[in-house]
$ cat target.cif   # mmCIF, C-alpha atoms and all ligand atoms; chains and numbers go by the auth columns
data_input
#
loop_
_atom_site.group_PDB
_atom_site.id
_atom_site.type_symbol
_atom_site.label_atom_id
_atom_site.label_comp_id
_atom_site.label_asym_id
_atom_site.label_seq_id
_atom_site.Cartn_x
_atom_site.Cartn_y
_atom_site.Cartn_z
_atom_site.B_iso_or_equiv
_atom_site.auth_seq_id
_atom_site.auth_asym_id
ATOM 1 C CA MET A 1 98.230 119.281 128.316 0.00 990 A
ATOM 2 C CA THR A 2 99.025 118.694 124.689 0.00 991 A
ATOM 3 C CA ALA A 3 97.048 116.213 122.660 0.00 992 A
ATOM 4 C CA PRO A 4 98.641 114.398 119.732 0.00 993 A
ATOM 5 C CA ALA A 5 97.762 115.737 116.308 0.00 994 A
ATOM 6 C CA ALA A 6 94.074 114.987 116.039 0.00 995 A
ATOM 7 C CA SER A 7 93.149 112.591 113.297 0.00 996 A
ATOM 8 C CA PRO A 8 89.762 113.127 111.695 0.00 997 A
ATOM 9 C CA TRP A 9 89.453 109.365 111.194 0.00 998 A
ATOM 10 C CA PRO A 10 88.783 107.033 114.105 0.00 999 A
ATOM 11 C CA GLY A 11 91.167 104.119 114.100 0.00 1000 A
ATOM 12 C CA ALA A 12 93.614 105.887 111.815 0.00 1001 A
ATOM 13 C CA ASP A 13 97.223 105.162 112.641 0.00 1002 A
ATOM 14 C CA PRO A 14 100.416 106.148 110.846 0.00 1003 A
ATOM 15 C CA PRO A 15 100.985 102.631 109.406 0.00 1004 A
ATOM 16 C CA GLY A 16 97.418 102.574 108.099 0.00 1005 A
ATOM 17 C CA VAL A 17 97.839 105.972 106.499 0.00 1006 A
ATOM 18 C CA LYS A 18 101.189 104.968 105.005 0.00 1007 A
ATOM 19 C CA ALA A 19 99.687 101.761 103.626 0.00 1008 A
ATOM 20 C CA LEU A 20 96.967 103.730 101.841 0.00 1009 A
ATOM 21 C CA LEU A 21 99.530 106.071 100.311 0.00 1010 A
ATOM 22 C CA ALA A 22 101.922 103.252 99.357 0.00 1011 A
ATOM 23 C CA ALA A 23 99.115 101.356 97.641 0.00 1012 A
ATOM 24 C CA GLY A 24 98.092 104.453 95.719 0.00 1013 A
ATOM 25 C CA LEU A 25 94.626 104.354 97.295 0.00 1014 A
ATOM 26 C CA ALA A 26 94.873 107.905 98.597 0.00 1015 A
ATOM 27 C CA GLN A 27 96.859 111.030 97.858 0.00 1016 A
ATOM 28 C CA ALA A 28 99.152 112.769 100.283 0.00 1017 A
ATOM 29 C CA CYS A 29 98.467 116.359 101.209 0.00 1018 A
ATOM 30 C CA ARG A 30 100.958 118.805 99.700 0.00 1019 A
ATOM 31 C CA TYR A 31 101.922 119.891 103.235 0.00 1020 A
ATOM 32 C CA ALA A 32 102.028 116.431 104.833 0.00 1021 A
ATOM 33 C CA ALA A 33 105.648 116.760 105.949 0.00 1022 A
ATOM 34 C CA ALA A 34 105.593 120.500 106.521 0.00 1023 A
ATOM 35 C CA ARG A 35 102.686 121.258 108.841 0.00 1024 A
ATOM 36 C CA PRO A 36 102.183 119.610 112.234 0.00 1025 A
ATOM 37 C CA ASP A 37 98.403 119.948 112.008 0.00 1026 A
ATOM 38 C CA CYS A 38 98.258 118.430 108.526 0.00 1027 A
ATOM 39 C CA GLN A 39 95.943 115.409 108.306 0.00 1028 A
ATOM 40 C CA VAL A 40 98.231 113.844 105.650 0.00 1029 A
ATOM 41 C CA LEU A 41 95.533 112.271 103.472 0.00 1030 A
ATOM 42 C CA ALA A 42 94.150 114.622 100.861 0.00 1031 A
ATOM 43 C CA CYS A 43 90.401 115.129 100.483 0.00 1032 A
ATOM 44 C CA VAL A 44 90.401 117.810 97.781 0.00 1033 A
ATOM 45 C CA ARG A 45 92.468 118.811 94.771 0.00 1034 A
ATOM 46 C CA TYR A 46 93.028 122.107 93.037 0.00 1035 A
ATOM 47 C CA GLY A 47 94.582 121.028 89.772 0.00 1036 A
ATOM 48 C CA GLN A 48 97.757 119.224 90.828 0.00 1037 A
ATOM 49 C CA LEU A 49 97.620 120.581 94.385 0.00 1038 A
ATOM 50 C CA ALA A 50 96.193 117.950 96.760 0.00 1039 A
ATOM 51 C CA LEU A 51 95.185 119.118 100.240 0.00 1040 A
ATOM 52 C CA CYS A 52 93.839 117.577 103.427 0.00 1041 A
ATOM 53 C CA ALA A 53 90.827 119.158 105.110 0.00 1042 A
ATOM 54 C CA ALA A 54 92.954 121.122 107.588 0.00 1043 A
ATOM 55 C CA CYS A 55 95.255 122.552 104.934 0.00 1044 A
ATOM 56 C CA ASP A 56 92.283 123.219 102.674 0.00 1045 A
ATOM 57 C CA GLN A 57 90.784 125.411 105.412 0.00 1046 A
ATOM 58 C CA ARG A 58 94.026 127.372 105.673 0.00 1047 A
ATOM 59 C CA ARG A 59 94.207 127.877 101.932 0.00 1048 A
ATOM 60 C CA SER A 60 93.709 131.413 100.763 0.00 1049 A
ATOM 61 C CA THR A 61 91.100 131.551 98.057 0.00 1050 A
ATOM 62 C CA LEU A 62 91.901 135.108 97.016 0.00 1051 A
ATOM 63 C CA GLY A 63 93.044 135.307 93.423 0.00 1052 A
ATOM 64 C CA LYS A 64 92.743 131.582 92.860 0.00 1053 A
ATOM 65 C CA GLY A 65 90.247 130.543 90.252 0.00 1054 A
ATOM 66 C CA THR A 66 90.865 126.816 90.247 0.00 1055 A
ATOM 67 C CA MET A 67 87.764 124.861 91.131 0.00 1056 A
ATOM 68 C CA PRO A 68 88.169 122.247 93.884 0.00 1057 A
ATOM 69 C CA ALA A 69 87.806 118.595 92.948 0.00 1058 A
ATOM 70 C CA ARG A 70 86.566 116.580 95.923 0.00 1059 A
ATOM 71 C CA LEU A 71 88.380 113.280 96.452 0.00 1060 A
ATOM 72 C CA PRO A 72 86.664 110.218 97.960 0.00 1061 A
ATOM 73 C CA ASP A 73 86.891 110.372 101.756 0.00 1062 A
ATOM 74 C CA PRO A 74 90.096 108.488 102.664 0.00 1063 A
ATOM 75 C CA GLY A 75 88.624 107.911 106.114 0.00 1064 A
ATOM 76 C CA ALA A 76 86.215 105.402 104.586 0.00 1065 A
ATOM 77 C CA LEU A 77 89.161 103.175 103.614 0.00 1066 A
ATOM 78 C CA LEU A 78 90.815 103.671 106.997 0.00 1067 A
ATOM 79 C CA ARG A 79 87.594 102.508 108.601 0.00 1068 A
ATOM 80 C CA ILE A 80 87.696 99.303 106.558 0.00 1069 A
ATOM 81 C CA ALA A 81 91.308 98.756 107.599 0.00 1070 A
ATOM 82 C CA ALA A 82 90.400 99.318 111.257 0.00 1071 A
ATOM 83 C CA ALA A 83 87.527 96.830 111.017 0.00 1072 A
ATOM 84 C CA ARG A 84 89.815 94.308 109.309 0.00 1073 A
ATOM 85 C CA ASP A 85 92.366 94.681 112.098 0.00 1074 A
ATOM 86 C CA ALA A 86 89.649 94.334 114.755 0.00 1075 A
ATOM 87 C CA ARG A 87 88.422 91.170 113.050 0.00 1076 A
ATOM 88 C CA GLU A 88 91.941 89.715 113.083 0.00 1077 A
ATOM 89 C CA ARG A 89 92.336 90.566 116.774 0.00 1078 A
ATOM 90 C CA ALA A 90 88.965 88.965 117.535 0.00 1079 A
ATOM 91 C CA ALA A 91 89.890 85.825 115.586 0.00 1080 A
ATOM 92 C CA SER A 92 93.138 85.564 117.527 0.00 1081 A
ATOM 93 C CA GLU A 93 91.317 86.074 120.835 0.00 1082 A
ATOM 94 C CA LEU A 94 88.791 83.393 119.856 0.00 1083 A
ATOM 95 C CA ARG A 95 91.560 80.883 119.068 0.00 1084 A
ATOM 96 C CA HIS A 96 93.186 81.566 122.430 0.00 1085 A
ATOM 97 C CA ALA A 97 89.859 81.351 124.267 0.00 1086 A
ATOM 98 C CA VAL A 98 89.009 78.007 122.669 0.00 1087 A
ATOM 99 C CA ALA A 99 92.476 76.653 123.456 0.00 1088 A
ATOM 100 C CA ALA A 100 92.088 77.772 127.069 0.00 1089 A
ATOM 101 C CA ALA A 101 88.645 76.172 127.312 0.00 1090 A
ATOM 102 C CA ARG A 102 90.001 72.913 125.939 0.00 1091 A
ATOM 103 C CA GLN A 103 92.936 73.111 128.341 0.00 1092 A
ATOM 104 C CA ALA A 104 90.449 73.582 131.175 0.00 1093 A
ATOM 105 C CA GLY A 105 88.740 70.351 130.180 0.00 1094 A
ATOM 106 C CA HIS A 106 85.701 71.571 128.243 0.00 1095 A
ATOM 107 C CA PRO A 107 84.659 69.137 125.512 0.00 1096 A
ATOM 108 C CA TRP A 108 84.408 70.093 121.831 0.00 1097 A
ATOM 109 C CA ARG A 109 80.638 69.720 122.269 0.00 1098 A
ATOM 110 C CA ALA A 110 80.653 72.730 124.637 0.00 1099 A
ATOM 111 C CA VAL A 111 82.886 74.824 122.400 0.00 1100 A
ATOM 112 C CA ALA A 112 80.637 74.014 119.439 0.00 1101 A
ATOM 113 C CA ALA A 113 77.473 74.884 121.370 0.00 1102 A
ATOM 114 C CA ILE A 114 78.803 78.307 122.358 0.00 1103 A
ATOM 115 C CA LEU A 115 79.817 79.057 118.782 0.00 1104 A
ATOM 116 C CA ALA A 116 76.573 77.645 117.350 0.00 1105 A
ATOM 117 C CA ILE A 117 78.492 75.362 114.998 0.00 1106 A
ATOM 118 C CA SER A 118 78.809 71.594 114.773 0.00 1107 A
ATOM 119 C CA ARG A 119 81.330 69.754 116.943 0.00 1108 A
ATOM 120 C CA GLN A 120 83.118 68.641 113.800 0.00 1109 A
ATOM 121 C CA ALA A 121 83.297 72.222 112.513 0.00 1110 A
ATOM 122 C CA ALA A 122 84.667 73.410 115.856 0.00 1111 A
ATOM 123 C CA GLN A 123 87.361 70.740 115.807 0.00 1112 A
ATOM 124 C CA GLN A 124 88.280 71.414 112.191 0.00 1113 A
ATOM 125 C CA ARG A 125 88.584 75.104 112.908 0.00 1114 A
ATOM 126 C CA PHE A 126 90.327 75.101 116.275 0.00 1115 A
ATOM 127 C CA ALA A 127 92.028 71.771 116.894 0.00 1116 A
ATOM 128 C CA PRO A 128 95.829 71.904 116.733 0.00 1117 A
ATOM 129 C CA ASP A 129 97.203 70.828 113.354 0.00 1118 A
ATOM 130 C CA THR A 130 98.533 67.558 114.774 0.00 1119 A
ATOM 131 C CA ALA A 131 94.979 66.481 115.553 0.00 1120 A
ATOM 132 C CA HIS A 132 93.947 66.577 111.901 0.00 1121 A
ATOM 133 C CA PRO A 133 93.638 63.233 110.123 0.00 1122 A
ATOM 134 C CA PRO A 134 95.829 62.850 107.033 0.00 1123 A
ATOM 135 C CA GLY A 135 94.308 64.322 103.899 0.00 1124 A
ATOM 136 C CA GLU A 136 92.105 66.762 105.757 0.00 1125 A
ATOM 137 C CA THR A 137 92.706 70.359 104.764 0.00 1126 A
ATOM 138 C CA LYS A 138 92.704 73.130 107.329 0.00 1127 A
ATOM 139 C CA ALA A 139 90.253 75.919 106.696 0.00 1128 A
ATOM 140 C CA HIS A 140 91.841 79.003 105.180 0.00 1129 A
ATOM 141 C CA ARG A 141 92.170 81.906 107.578 0.00 1130 A
HETATM 142 ZN ZN ZN B . 97.514 118.889 104.945 0.00 1 B
#

$ encode --input "target.cif" --output "structure tokens"
Amino acid sequence: MTAPAASPWPGADPPGVKALLAAGLAQACRYAAARPDCQVLACVRYGQLALCAACDQRRSTLGKGTMPARLPDPGALLRIAAARDARERAASELRHAVAAARQAGHPWRAVAAILAISRQAAQQRFAPDTAHPPGETKAHR
């Protein structure tokens, strides 16, 4: 049984890794495209040579005097991205759950009580746009 290339960062996915690289928030390992076990995001640099942890372990230190420069753990940013994505999924699930509860006949009072917010706040946040009185602004999401 072959496992996919193990990522050292929980929640890391290729789009998340690519987004970090595209935004210049992390550096790519020198061997990102060349080695199947490469972790892609660099965690250490030797001069201009950026390496991930896996490639750093494979690096021969014989005859190389360049001191390593540790980079900030890219996994910390991936963790933020994973939490952001989880929050967006939860917000979507909450909208659907409230809509389903309303469809089932539960009053705004019940929705508000569960969420520990006022009935008006629940309506402002979850009522379909058509239910908003003119001039009322929808909360930014
Ligand atoms: Zn690597």

$ closest_atom_pairs --input "target.cif" --of "chain A" --to "ligand ZN 1 (chain B)" --cutoff "6 Å" --atoms "all atoms listed in the file" --output "tab-separated table"
residue	atom	partner	partner_atom	distance
A:Cys1018	CA	B:ZN1	ZN	4.6
A:Tyr1020	CA	B:ZN1	ZN	4.8
A:Ala1021	CA	B:ZN1	ZN	5.1
A:Cys1027	CA	B:ZN1	ZN	3.7
A:Gln1028	CA	B:ZN1	ZN	5.1
A:Val1029	CA	B:ZN1	ZN	5.1
A:Leu1040	CA	B:ZN1	ZN	5.3
A:Cys1041	CA	B:ZN1	ZN	4.2
A:Ala1043	CA	B:ZN1	ZN	5.7
A:Cys1044	CA	B:ZN1	ZN	4.3

$ closest_residue --input "target.cif" --among "A:Thr1055, A:Ala1022, A:Pro1096, A:Ser1049" --to "Gly1036 in chain A" --atoms "all atoms listed in the file"
A:Thr1055

$ closest_residue --input "target.cif" --among "A:Gly1013, A:Leu1038, A:Arg1114, A:Leu1030" --to "Ala1080 in chain A" --atoms "only C-alpha atoms"
A:Arg1114

$ atom_distance --input "target.cif" --atom1 "CA of Ala1023 in chain A" --atom2 "CA of Asp1074 in chain A"
29.5 Å

$ atom_distance --input "target.cif" --atom1 "CA of Ala1042 in chain A" --atom2 "CA of Val1006 in chain A"
15.0 Å

$ residues_around --input "target.cif" --residues "Arg1091 in chain A" --least-positions-apart "6" --cutoff "12 Å" --atoms "all atoms listed in the file" --output "PDB file with C-alpha atoms, keeping the file's coordinate frame"
ATOM      1  CA  ARG A1084      91.560  80.883 119.068  1.00  0.00           C
ATOM      2  CA  HIS A1085      93.186  81.566 122.430  1.00  0.00           C
ATOM      3  CA  TRP A1097      84.408  70.093 121.831  1.00  0.00           C
ATOM      4  CA  ARG A1098      80.638  69.720 122.269  1.00  0.00           C
ATOM      5  CA  ALA A1099      80.653  72.730 124.637  1.00  0.00           C
ATOM      6  CA  VAL A1100      82.886  74.824 122.400  1.00  0.00           C
ATOM      7  CA  ALA A1101      80.637  74.014 119.439  1.00  0.00           C
ATOM      8  CA  ALA A1111      84.667  73.410 115.856  1.00  0.00           C
ATOM      9  CA  GLN A1112      87.361  70.740 115.807  1.00  0.00           C
ATOM     10  CA  PHE A1115      90.327  75.101 116.275  1.00  0.00           C
ATOM     11  CA  ALA A1116      92.028  71.771 116.894  1.00  0.00           C
ATOM     12  CA  PRO A1117      95.829  71.904 116.733  1.00  0.00           C
TER      13      PRO A1117
END

$ atom_distance --input "target.cif" --atom1 "CA of Ala1039 in chain A" --atom2 "CA of Leu1060 in chain A"
9.1 Å

$ closest_residue --input "target.cif" --among "A:Arg1108, A:Ala1070, A:Arg1048, A:Gln1037" --to "Gly1005 in chain A" --atoms "only C-alpha atoms"
A:Ala1070

$ closest_residue --input "target.cif" --among "A:Arg1024, A:Arg1034, A:Arg1047, A:Arg1068" --to "Asp1002 in chain A" --atoms "all atoms listed in the file"
A:Arg1068

$ axis_aligned_box --input "target.cif" --around "range 1057-1068 of chain A" --padding-each-side "5 Å" --output "JSON"
{"center_x": 88.5, "center_y": 112.4, "center_z": 100.8, "size_x": 14.6, "size_y": 29.7, "size_z": 25.7}

$ closest_residue --input "target.cif" --among "A:Ala1090, A:His1095, A:Ile1103, A:Leu1066" --to "Ala1012 in chain A" --atoms "only C-alpha atoms"
A:Leu1066

$ closest_residue --input "target.cif" --among "A:Ala1110, A:Pro1061, A:Leu1104, A:Ser1081" --to "Ala1015 in chain A" --atoms "all atoms listed in the file"
A:Pro1061
